[in-house]
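So this block is data_1.pdb, PDB, C-alpha atoms:
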ATOM      1  CA  MET A   1      -0.782  26.930  36.288
ATOM      2  CA  SER A   2      -3.416  26.292  33.634
ATOM      3  CA  LYS A   3      -6.288  28.778  33.614
ATOM      4  CA  ASP A   4      -8.776  25.927  33.289
ATOM      5  CA  LEU A   5      -7.406  24.177  36.358
ATOM      6  CA  LYS A   6      -7.734  27.460  38.262
ATOM      7  CA  LYS A   7     -11.420  27.563  37.316
ATOM      8  CA  ILE A   8     -11.974  24.060  38.656
ATOM      9  CA  ILE A   9     -10.139  24.831  41.864
ATOM     10  CA  SER A  10     -12.307  27.948  42.245
ATOM     11  CA  ALA A  11     -15.384  25.769  41.842
ATOM     12  CA  LEU A  12     -14.176  23.302  44.484
ATOM     13  CA  LYS A  13     -13.446  26.180  46.788
ATOM     14  CA  TYR A  14     -16.849  27.720  46.176
ATOM     15  CA  TRP A  15     -18.691  24.501  46.962
ATOM     16  CA  ASN A  16     -16.623  24.360  50.093
ATOM     17  CA  ILE A  17     -17.614  20.740  50.548
ATOM     18  CA  TYR A  18     -14.075  19.464  50.590
ATOM     19  CA  LEU A  19     -12.510  22.324  52.390
ATOM     20  CA  LYS A  20     -13.431  21.967  56.017
ATOM     21  CA  LEU A  21     -10.881  19.351  56.822
ATOM     22  CA  PRO A  22     -10.517  18.476  60.472
ATOM     23  CA  ASN A  23      -6.972  19.452  61.259
ATOM     24  CA  ARG A  24      -4.866  19.961  64.303
ATOM     25  CA  ASP A  25      -5.959  23.483  65.124
ATOM     26  CA  TYR A  26      -8.069  24.213  68.136
ATOM     27  CA  GLY A  27     -11.050  25.543  66.146
ATOM     28  CA  SER A  28     -11.441  22.314  64.174
ATOM     29  CA  ARG A  29     -11.114  20.108  67.225
ATOM     30  CA  PHE A  30     -13.662  22.258  69.024
ATOM     31  CA  LYS A  31     -16.144  21.963  66.139
ATOM     32  CA  ILE A  32     -15.657  18.213  65.847
ATOM     33  CA  GLN A  33     -16.374  17.766  69.536
ATOM     34  CA  LYS A  34     -19.629  19.700  69.267
ATOM     35  CA  LEU A  35     -20.669  17.970  66.031
ATOM     36  CA  ALA A  36     -19.955  14.575  67.541
ATOM     37  CA  TYR A  37     -22.105  15.391  70.562
ATOM     38  CA  LEU A  38     -24.959  16.650  68.365
ATOM     39  CA  CYS A  39     -24.741  13.524  66.220
ATOM     40  CA  LYS A  40     -24.778  11.259  69.204
ATOM     41  CA  SER A  41     -27.654  13.008  70.910
ATOM     42  CA  MET A  42     -29.739  13.062  67.728
ATOM     43  CA  GLY A  43     -28.868   9.531  66.705
ATOM     44  CA  ILE A  44     -27.177  10.640  63.465
ATOM     45  CA  PRO A  45     -24.047   8.785  62.412
ATOM     46  CA  LEU A  46     -21.052  11.114  62.135
ATOM     47  CA  LYS A  47     -20.419   9.971  58.572
ATOM     48  CA  TYR A  48     -23.480  12.006  57.565
ATOM     49  CA  TRP A  49     -21.214  15.018  57.637
ATOM     50  CA  ASN A  50     -18.380  13.262  55.924
ATOM     51  CA  ILE A  51     -18.693  15.424  52.855
ATOM     52  CA  TYR A  52     -17.728  18.458  54.888
ATOM     53  CA  LEU A  53     -14.769  16.814  56.485
ATOM     54  CA  LYS A  54     -12.762  15.883  53.437
ATOM     55  CA  ARG A  55     -10.934  17.904  50.872
ATOM     56  CA  PRO A  56      -9.413  16.787  47.583
ATOM     57  CA  ASN A  57      -6.033  15.225  47.889
ATOM     58  CA  ARG A  58      -3.879  12.997  45.757
ATOM     59  CA  ASP A  59      -5.836   9.785  46.244
ATOM     60  CA  TYR A  60      -7.737   7.992  43.508
ATOM     61  CA  GLY A  61     -11.181   8.840  44.897
ATOM     62  CA  SER A  62     -10.498  12.573  44.892
ATOM     63  CA  ARG A  63      -9.060  12.524  41.389
ATOM     64  CA  PHE A  64     -12.065  10.510  40.203
ATOM     65  CA  LYS A  65     -14.503  13.049  41.649
ATOM     66  CA  ILE A  66     -12.597  16.043  40.259
ATOM     67  CA  GLN A  67     -12.848  14.547  36.750
ATOM     68  CA  LYS A  68     -16.615  14.139  36.994
ATOM     69  CA  LEU A  69     -17.141  17.569  38.567
ATOM     70  CA  ALA A  70     -14.964  19.245  35.928
ATOM     71  CA  TYR A  71     -17.005  17.552  33.215
ATOM     72  CA  LEU A  72     -20.263  18.784  34.775
ATOM     73  CA  CYS A  73     -18.855  22.328  34.996
ATOM     74  CA  LYS A  74     -17.894  22.253  31.321
ATOM     75  CA  SER A  75     -21.101  20.683  30.063
ATOM     76  CA  MET A  76     -23.203  23.125  32.095
ATOM     77  CA  GLY A  77     -21.485  26.056  30.408
ATOM     78  CA  ILE A  78     -18.305  27.022  32.251
ATOM     79  CA  PRO A  79     -15.782  27.494  29.419
ATOM     80  CA  LEU A  80     -13.047  24.871  29.778
ATOM     81  CA  ASN A  81     -10.785  23.639  27.004
ATOM     82  CA  TYR A  82     -10.459  20.114  28.401
ATOM     83  CA  GLN A  83     -11.708  17.383  26.087
ATOM     84  CA  PHE A  84     -13.575  14.548  27.791
ATOM     85  CA  THR A  85     -14.056  10.942  26.737
ATOM     86  CA  LEU A  86     -16.908   8.786  28.002
ATOM     87  CA  TYR A  87     -15.879   5.177  27.751
ATOM     88  CA  ILE A  88     -14.194   3.013  30.403
ATOM     89  CA  SER A  89     -13.512   5.600  33.104
ATOM     90  CA  GLY A  90     -15.384   8.571  31.747
ATOM     91  CA  PRO A  91     -16.189  11.318  31.594
ATOM     92  CA  TYR A  92     -12.455  11.693  31.749
ATOM     93  CA  SER A  93      -9.959  14.238  30.448
ATOM     94  CA  THR A  94      -6.280  13.433  30.058
ATOM     95  CA  GLY A  95      -5.584  17.164  29.682
ATOM     96  CA  LEU A  96      -7.038  17.791  33.134
ATOM     97  CA  THR A  97      -5.103  14.839  34.577
ATOM     98  CA  GLN A  98      -1.843  16.140  33.151
ATOM     99  CA  ASP A  99      -2.549  19.594  34.574
ATOM    100  CA  TYR A 100      -3.190  18.428  38.111
ATOM    101  CA  TYR A 101      -0.255  16.045  38.093
ATOM    102  CA  LYS A 102       2.002  18.950  37.189
ATOM    103  CA  GLU A 103       1.104  20.791  40.383
ATOM    104  CA  PRO A 104      -0.754  18.389  42.682
ATOM    105  CA  GLN A 105      -0.352  20.592  45.740
ATOM    106  CA  LEU A 106      -2.687  23.181  44.180
ATOM    107  CA  ILE A 107      -5.606  20.782  44.444
ATOM    108  CA  GLU A 108      -4.750  20.034  48.051
ATOM    109  CA  THR A 109      -4.449  23.651  49.084
ATOM    110  CA  LEU A 110      -7.196  24.825  46.710
ATOM    111  CA  GLU A 111      -4.885  27.591  45.510
ATOM    112  CA  THR A 112      -6.390  29.721  42.755
ATOM    113  CA  ASP A 113      -6.679  33.316  41.643
ATOM    114  CA  TYR A 114      -9.604  32.796  39.275
ATOM    115  CA  ILE A 115     -12.608  34.819  40.356
ATOM    116  CA  LEU A 116     -15.933  33.132  39.659
ATOM    117  CA  ASN A 117     -18.396  35.308  37.735
ATOM    118  CA  GLU A 118     -22.184  35.429  38.057
ATOM    119  CA  ASP A 119     -22.741  32.814  35.332
ATOM    120  CA  ASP A 120     -20.238  30.438  36.958
ATOM    121  CA  LEU A 121     -21.924  30.834  40.327
ATOM    122  CA  GLU A 122     -25.338  30.059  38.873
ATOM    123  CA  ILE A 123     -23.981  26.819  37.393
ATOM    124  CA  LEU A 124     -22.124  25.824  40.561
ATOM    125  CA  ASP A 125     -25.239  26.438  42.664
ATOM    126  CA  LYS A 126     -27.265  24.205  40.347
ATOM    127  CA  ILE A 127     -24.689  21.392  40.547
ATOM    128  CA  ASN A 128     -24.587  21.785  44.299
ATOM    129  CA  GLU A 129     -28.368  21.718  44.682
ATOM    130  CA  TYR A 130     -29.185  18.839  42.353
ATOM    131  CA  VAL A 131     -26.082  16.690  42.698
ATOM    132  CA  LEU A 132     -23.699  17.435  45.559
ATOM    133  CA  ILE A 133     -26.228  17.724  48.364
ATOM    134  CA  HIS A 134     -28.627  15.138  46.965
ATOM    135  CA  PRO A 135     -29.465  12.681  49.802
ATOM    136  CA  VAL A 136     -28.179   9.750  47.734
ATOM    137  CA  THR A 137     -24.645  11.158  48.007
ATOM    138  CA  ASN A 138     -24.523  10.219  51.694
ATOM    139  CA  ASP A 139     -23.710   6.646  50.751
ATOM    140  CA  TYR A 140     -22.976   6.713  47.025
ATOM    141  CA  LYS A 141     -21.172   9.980  46.384
ATOM    142  CA  SER A 142     -18.750   8.700  43.743
ATOM    143  CA  GLU A 143     -21.235   6.348  42.117
ATOM    144  CA  PHE A 144     -23.872   9.086  41.871
ATOM    145  CA  LEU A 145     -21.368  11.581  40.441
ATOM    146  CA  GLU A 146     -20.315   9.004  37.875
ATOM    147  CA  ALA A 147     -23.934   8.258  36.984
ATOM    148  CA  VAL A 148     -24.936  11.931  36.686
ATOM    149  CA  SER A 149     -21.919  12.840  34.550
ATOM    150  CA  THR A 150     -22.406   9.790  32.311
ATOM    151  CA  VAL A 151     -26.122  10.503  31.780
ATOM    152  CA  HIS A 152     -25.344  14.182  31.165
ATOM    153  CA  TYR A 153     -22.746  13.203  28.544
ATOM    154  CA  LEU A 154     -25.227  10.916  26.779
ATOM    155  CA  LYS A 155     -27.957  13.592  26.865
ATOM    156  CA  ASN A 156     -25.549  16.105  25.342
ATOM    157  CA  LYS A 157     -24.335  13.767  22.643
ATOM    158  CA  TYR A 158     -27.697  12.207  21.773
ATOM    159  CA  PRO A 159     -30.371  14.798  22.589
ATOM    160  CA  ALA A 160     -33.111  12.649  21.009
ATOM    161  CA  MET A 161     -32.371   9.628  23.209
ATOM    162  CA  LEU A 162     -35.298   8.561  25.369
ATOM    163  CA  ASP A 163     -34.946   7.917  29.101
ATOM    164  CA  ASP A 164     -35.179   4.145  28.621
ATOM    165  CA  GLU A 165     -32.426   4.239  26.017
ATOM    166  CA  ILE A 166     -30.230   6.406  28.253
ATOM    167  CA  PHE A 167     -30.794   3.971  31.102
ATOM    168  CA  ALA A 168     -29.853   1.002  28.890
ATOM    169  CA  LYS A 169     -26.782   2.724  27.436
ATOM    170  CA  THR A 170     -25.550   3.827  30.864
ATOM    171  CA  LYS A 171     -25.918   0.274  32.192
ATOM    172  CA  GLU A 172     -24.121  -1.072  29.121
ATOM    173  CA  ILE A 173     -21.032   1.076  29.598
ATOM    174  CA  LYS A 174     -21.130   1.276  33.414
ATOM    175  CA  GLN A 175     -22.376  -2.103  34.575
ATOM    176  CA  HIS A 176     -21.310  -1.461  38.148
ATOM    177  CA  ILE A 177     -23.686   1.473  38.713
ATOM    178  CA  ARG A 178     -26.866   0.392  40.486
ATOM    179  CA  ASP A 179     -30.162   0.620  38.544
ATOM    180  CA  SER A 180     -31.691   2.875  41.191
ATOM    181  CA  ILE A 181     -28.737   5.285  41.050
ATOM    182  CA  VAL A 182     -29.037   5.561  37.241
ATOM    183  CA  VAL A 183     -32.759   6.383  37.551
ATOM    184  CA  ILE A 184     -32.089   9.047  40.198
ATOM    185  CA  ALA A 185     -29.253  10.416  38.033
ATOM    186  CA  ILE A 186     -31.540  10.730  34.984
ATOM    187  CA  ASN A 187     -33.937  12.862  37.058
ATOM    188  CA  ALA A 188     -31.076  14.940  38.476
ATOM    189  CA  VAL A 189     -29.770  15.625  34.957
ATOM    190  CA  LYS A 190     -33.235  16.767  33.866
ATOM    191  CA  LYS A 191     -33.193  19.279  36.703
ATOM    192  CA  LEU A 192     -29.684  20.401  35.745
ATOM    193  CA  LEU A 193     -30.705  20.924  32.133
ATOM    194  CA  PHE A 194     -33.992  22.641  32.883
ATOM    195  CA  LYS A 195     -34.259  26.241  31.733
ATOM    196  CA  PRO A 196     -37.068  28.638  32.736
ATOM    197  CA  GLU A 197     -37.956  29.205  29.070
ATOM    198  CA  PHE A 198     -38.960  25.528  28.823
ATOM    199  CA  LEU A 199     -41.914  26.305  31.049
ATOM    200  CA  THR A 200     -44.271  27.649  28.379
ATOM    201  CA  GLU A 201     -47.917  28.409  29.068
ATOM    202  CA  GLU A 202     -48.872  25.191  27.351
ATOM    203  CA  VAL A 203     -46.568  23.113  29.564
ATOM    204  CA  GLN A 204     -47.750  24.953  32.679
ATOM    205  CA  LYS A 205     -51.374  24.156  31.764
ATOM    206  CA  GLU A 206     -50.532  20.489  31.466
ATOM    207  CA  ILE A 207     -48.698  20.506  34.785
ATOM    208  CA  ASP A 208     -51.720  22.173  36.410
ATOM    209  CA  ILE A 209     -54.003  19.446  35.043
ATOM    210  CA  TRP A 210     -51.742  16.752  36.497
ATOM    211  CA  ASP A 211     -51.511  18.593  39.818
ATOM    212  CA  LYS A 212     -55.308  18.801  39.996
ATOM    213  CA  ALA A 213     -55.636  15.134  39.166
ATOM    214  CA  GLU A 214     -53.214  14.304  41.994
ATOM    215  CA  ASP A 215     -55.285  16.356  44.460
TER     216      ASP A 215
ATOM    217  CA  MET B 216      15.002   9.210   9.046
ATOM    218  CA  ASN B 217      15.236   7.581   5.665
ATOM    219  CA  PHE B 218      15.404   3.809   5.725
ATOM    220  CA  ASN B 219      15.659   1.592   2.754
ATOM    221  CA  GLN B 220      13.452  -1.502   2.840
ATOM    222  CA  ASP B 221      16.349  -3.886   3.594
ATOM    223  CA  GLU B 222      17.292  -1.930   6.656
ATOM    224  CA  ILE B 223      13.700  -1.836   7.835
ATOM    225  CA  ILE B 224      13.335  -5.628   7.514
ATOM    226  CA  LYS B 225      16.590  -6.108   9.402
ATOM    227  CA  GLU B 226      15.435  -3.780  12.142
ATOM    228  CA  ILE B 227      12.061  -5.547  12.417
ATOM    229  CA  PHE B 228      13.890  -8.785  13.263
ATOM    230  CA  GLU B 229      16.336  -7.138  15.631
ATOM    231  CA  LYS B 230      13.658  -5.248  17.568
ATOM    232  CA  LYS B 231      11.407  -8.316  17.682
ATOM    233  CA  ASN B 232      13.833  -9.924  20.093
ATOM    234  CA  GLN B 233      13.683  -6.951  22.425
ATOM    235  CA  ILE B 234       9.936  -7.324  22.908
ATOM    236  CA  ASN B 235       8.595  -9.625  25.605
ATOM    237  CA  SER B 236       6.509 -11.962  23.419
ATOM    238  CA  ASP B 237       4.303 -13.012  26.384
ATOM    239  CA  THR B 238       3.126  -9.415  26.682
ATOM    240  CA  PHE B 239       2.321  -9.185  23.007
ATOM    241  CA  THR B 240      -1.224 -10.531  23.248
ATOM    242  CA  LEU B 241      -4.316  -8.523  22.415
ATOM    243  CA  THR B 242      -5.598  -8.339  26.000
ATOM    244  CA  ARG B 243      -2.233  -7.469  27.544
ATOM    245  CA  CYS B 244      -1.462  -4.814  24.927
ATOM    246  CA  ILE B 245      -4.891  -3.243  25.445
ATOM    247  CA  LEU B 246      -4.408  -3.294  29.225
ATOM    248  CA  LEU B 247      -1.069  -1.506  28.882
ATOM    249  CA  ALA B 248      -2.509   1.005  26.404
ATOM    250  CA  LEU B 249      -5.569   1.796  28.550
ATOM    251  CA  ASN B 250      -3.479   2.192  31.675
ATOM    252  CA  SER B 251      -1.197   4.578  29.819
ATOM    253  CA  TYR B 252      -4.125   6.710  28.706
ATOM    254  CA  PHE B 253      -5.965   6.730  32.040
ATOM    255  CA  ILE B 254      -3.017   7.949  34.106
ATOM    256  CA  ASP B 255      -5.094   8.065  37.281
ATOM    257  CA  GLY B 256      -5.588   4.306  37.127
ATOM    258  CA  LEU B 257      -8.442   1.969  36.226
ATOM    259  CA  GLN B 258     -10.708  -0.128  38.382
ATOM    260  CA  PHE B 259     -11.047  -3.861  37.874
ATOM    261  CA  ARG B 260     -14.778  -3.483  37.128
ATOM    262  CA  GLU B 261     -14.101  -0.770  34.527
ATOM    263  CA  LEU B 262     -11.610  -3.003  32.727
ATOM    264  CA  LYS B 263     -13.989  -5.940  32.878
ATOM    265  CA  THR B 264     -16.822  -3.953  31.255
ATOM    266  CA  ALA B 265     -14.507  -2.561  28.592
ATOM    267  CA  LEU B 266     -12.830  -5.821  27.617
ATOM    268  CA  LYS B 267     -15.926  -8.010  27.973
ATOM    269  CA  ILE B 268     -13.936 -10.926  29.389
ATOM    270  CA  SER B 269     -14.435 -13.109  32.448
ATOM    271  CA  ASP B 270     -13.134 -12.151  35.906
ATOM    272  CA  GLY B 271     -10.696 -15.075  35.804
ATOM    273  CA  ASN B 272      -9.320 -14.181  32.399
ATOM    274  CA  LEU B 273      -8.872 -10.521  33.342
ATOM    275  CA  ALA B 274      -7.318 -11.376  36.706
ATOM    276  CA  SER B 275      -4.771 -13.751  35.174
ATOM    277  CA  ASN B 276      -3.734 -11.178  32.551
ATOM    278  CA  LEU B 277      -3.453  -8.454  35.181
ATOM    279  CA  ASN B 278      -1.489 -10.754  37.472
ATOM    280  CA  TYR B 279       0.958 -11.476  34.672
ATOM    281  CA  LEU B 280       1.487  -7.746  34.071
ATOM    282  CA  ILE B 281       1.934  -7.178  37.823
ATOM    283  CA  LYS B 282       4.444 -10.034  38.030
ATOM    284  CA  MET B 283       6.430  -8.500  35.180
ATOM    285  CA  GLY B 284       6.403  -5.131  36.981
ATOM    286  CA  TYR B 285       4.429  -3.422  34.201
ATOM    287  CA  ILE B 286       1.458  -2.387  36.333
ATOM    288  CA  ASN B 287       0.762  -1.823  40.030
ATOM    289  CA  LYS B 288      -2.226  -3.021  41.986
ATOM    290  CA  ASN B 289      -3.545  -0.449  44.458
ATOM    291  CA  ASP B 290      -6.214  -0.470  47.163
ATOM    292  CA  MET B 291      -8.668   2.342  47.657
ATOM    293  CA  GLU B 292     -11.818   3.183  49.499
ATOM    294  CA  PHE B 293     -14.671   4.184  47.240
ATOM    295  CA  ASP B 294     -18.059   5.099  48.715
ATOM    296  CA  ASN B 295     -17.005   3.175  51.839
ATOM    297  CA  LYS B 296     -16.180   0.076  49.796
ATOM    298  CA  LYS B 297     -12.734  -1.381  49.324
ATOM    299  CA  LEU B 298     -11.809  -1.620  45.643
ATOM    300  CA  LYS B 299      -8.699  -2.344  43.596
ATOM    301  CA  PHE B 300      -7.329  -0.144  40.867
ATOM    302  CA  TYR B 301      -4.381  -0.525  38.538
ATOM    303  CA  THR B 302      -1.764   1.962  37.356
ATOM    304  CA  ILE B 303       1.016   1.583  34.807
ATOM    305  CA  THR B 304       4.674   1.620  35.934
ATOM    306  CA  ASP B 305       7.640   3.171  34.116
ATOM    307  CA  LYS B 306       8.686  -0.352  33.113
ATOM    308  CA  GLY B 307       5.208  -0.930  31.641
ATOM    309  CA  LYS B 308       5.417   2.315  29.676
ATOM    310  CA  GLU B 309       8.834   1.256  28.327
ATOM    311  CA  GLU B 310       7.472  -2.094  27.182
ATOM    312  CA  LEU B 311       4.492  -0.454  25.484
ATOM    313  CA  LYS B 312       6.841   1.986  23.746
ATOM    314  CA  LYS B 313       8.900  -0.936  22.392
ATOM    315  CA  ILE B 314       5.749  -2.582  21.000
ATOM    316  CA  LEU B 315       4.551   0.664  19.404
ATOM    317  CA  ASN B 316       7.950   1.360  17.845
ATOM    318  CA  TRP B 317       7.980  -2.155  16.413
ATOM    319  CA  ILE B 318       4.508  -1.717  14.893
ATOM    320  CA  GLU B 319       5.698   1.601  13.500
ATOM    321  CA  LEU B 320       8.519  -0.242  11.679
ATOM    322  CA  ILE B 321       5.999  -2.608  10.075
ATOM    323  CA  LYS B 322       3.903   0.377   9.037
ATOM    324  CA  LYS B 323       7.008   1.911   7.452
ATOM    325  CA  LEU B 324       7.809  -1.281   5.593
ATOM    326  CA  LEU B 325       4.323  -1.489   4.135
ATOM    327  CA  GLU B 326       3.938   2.224   3.422
ATOM    328  CA  GLY B 327       2.175   2.696   0.117
ATOM    329  CA  PHE B 328       1.602  -1.058  -0.185
ATOM    330  CA  ASN B 329      -1.610  -1.918  -1.985
ATOM    331  CA  PHE B 330      -3.445  -4.689  -0.097
ATOM    332  CA  GLU B 331      -5.967  -5.356  -2.864
TER     333      GLU B 331
END
Write the structure described by the file as structure tokens, please.
Amino acid sequence: MSKDLKKIISALKYWNIYLKLPNRDYGSRFKIQKLAYLCKSMGIPLKYWNIYLKRPNRDYGSRFKIQKLAYLCKSMGIPLNYQFTLYISGPYSTGLTQDYYKEPQLIETLETDYILNEDDLEILDKINEYVLIHPVTNDYKSEFLEAVSTVHYLKNKYPAMLDDEIFAKTKEIKQHIRDSIVVIAINAVKKLLFKPEFLTEEVQKEIDIWDKAED
Amino acid sequence: MNFNQDEIIKEIFEKKNQINSDTFTLTRCILLALNSYFIDGLQFRELKTALKISDGNLASNLNYLIKMGYINKNDMEFDNKKLKFYTITDKGKEELKKILNWIELIKKLLEGFNFE
């Protein structure tokens, strides 16, 4: 198995979002019963928890999401040798596709022996916080992932591009993504790319002025 | 392999007959090539954006390729929406290979040829 694929499987496992599949064992059935009751009594549709009830399998949707997540892992700094292209169905890596087609059961069982290090975990936590558990993913999980990874790719390739230009370019190559999702994705990418050293005294002063003005 | 030019010309004509000439249009060749590259499959809307052609035009080209058994049409659920996506078949890959080999012959024939 490719070492890079192992890394991605470790990431999926760490996020745990796909893992808790309802299955035939008693524990899962028990939990589903309780969750369903809680949902009903609180007026929350069960699909709210959908993200916890699915794990990657061989279907198109899962493969699509794995491509985008793998790209985000790489672009955020997890060393992966996969090369990604942007256009048409991007970010997309044929190398990654070939790897998971070789052993598709590994994605289903999340089998890996790669141990995530501290740097990996920091990146995965960021992706989780700003992308995977973003409220917009309740209804537009795939679309939001596609938007975030596309904007991230453009920001990496053209660092001088302004937000308006990134918005226009994203809409040009991904016409099907809603305007509002692109705007939310641009903000999410800014959070992903933010580093503490960006917050200089000068910037902090300006933020304080704006905060005061808002008060 | 070393071909002399006569043999290459002869082969170009022989192999021409093995290619399905209805498939040898720009749009259909691109559709086969893209579906070979994106092994996972491509959505209708992705193809439409890439090729910049009308829904009707794209649909009729895709339908032709489906009818010939070169690509498959698949259903999927995507963010709770039902969408179609297309994947290449082994027969489609074979046809694309024939086209590429034929173009390769032409390249061989014109190797070193000065177009100016």
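With all atoms listed in the file taken into account, chain B has Glu261, Ala265 and Asp294 of chain B at most 6 Å from chain A.
Between CA of Lys299 in chain B and CA of Gly256 in chain B the separation is 9.8 Å.
One finds CA of Lys267 in chain B at 27.2 Å from CA of Ile66 in chain A.
One distance worth recording is that between CA of Ile9 in chain A and CA of Glu111 in chain A, which is 7.0 Å.
Counting all atoms listed in the file and comparing B:Leu325, B:Thr304, B:Glu331, B:Glu292, the residue that lies closest to Asn219 in chain B is B:Leu325.
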What would the selection look like, as a ChimeraX atom specification, if the PyMOL selection byres ((chain B and resi 273-286) around 6) were run on the coordinates I just shared? /B:270-272,287,302-304,306-307
Could you give me, as an MDAnalysis selection string, the residues within 9 Å of Tyr82 in chain A, counting only C-alpha atoms and dropping anything in the same chain fewer than 3 positions from it? chainID A and resid 4 70:71 74 93:96
For Cys73 in chain A, find every residue with an atom within 9 Å (counting all atoms listed in the file), except residues of its own chain fewer than 2 positions away, and show them as an mmCIF file with C-alpha atoms, in the coordinates of the input.
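Dumped to out.cif:
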data_model
loop_
_atom_site.group_PDB
_atom_site.id
_atom_site.type_symbol
_atom_site.label_atom_id
_atom_site.label_comp_id
_atom_site.auth_asym_id
_atom_site.auth_seq_id
_atom_site.Cartn_x
_atom_site.Cartn_y
_atom_site.Cartn_z
ATOM 1 C CA ILE A 8 -11.974 24.060 38.656
ATOM 2 C CA ALA A 11 -15.384 25.769 41.842
ATOM 3 C CA LYS A 68 -16.615 14.139 36.994
ATOM 4 C CA LEU A 69 -17.141 17.569 38.567
ATOM 5 C CA ALA A 70 -14.964 19.245 35.928
ATOM 6 C CA TYR A 71 -17.005 17.552 33.215
ATOM 7 C CA SER A 75 -21.101 20.683 30.063
ATOM 8 C CA MET A 76 -23.203 23.125 32.095
ATOM 9 C CA GLY A 77 -21.485 26.056 30.408
ATOM 10 C CA ILE A 78 -18.305 27.022 32.251
ATOM 11 C CA PRO A 79 -15.782 27.494 29.419
ATOM 12 C CA LEU A 80 -13.047 24.871 29.778
ATOM 13 C CA ASP A 120 -20.238 30.438 36.958
ATOM 14 C CA ILE A 123 -23.981 26.819 37.393
ATOM 15 C CA LEU A 124 -22.124 25.824 40.561
ATOM 16 C CA ILE A 127 -24.689 21.392 40.547
#
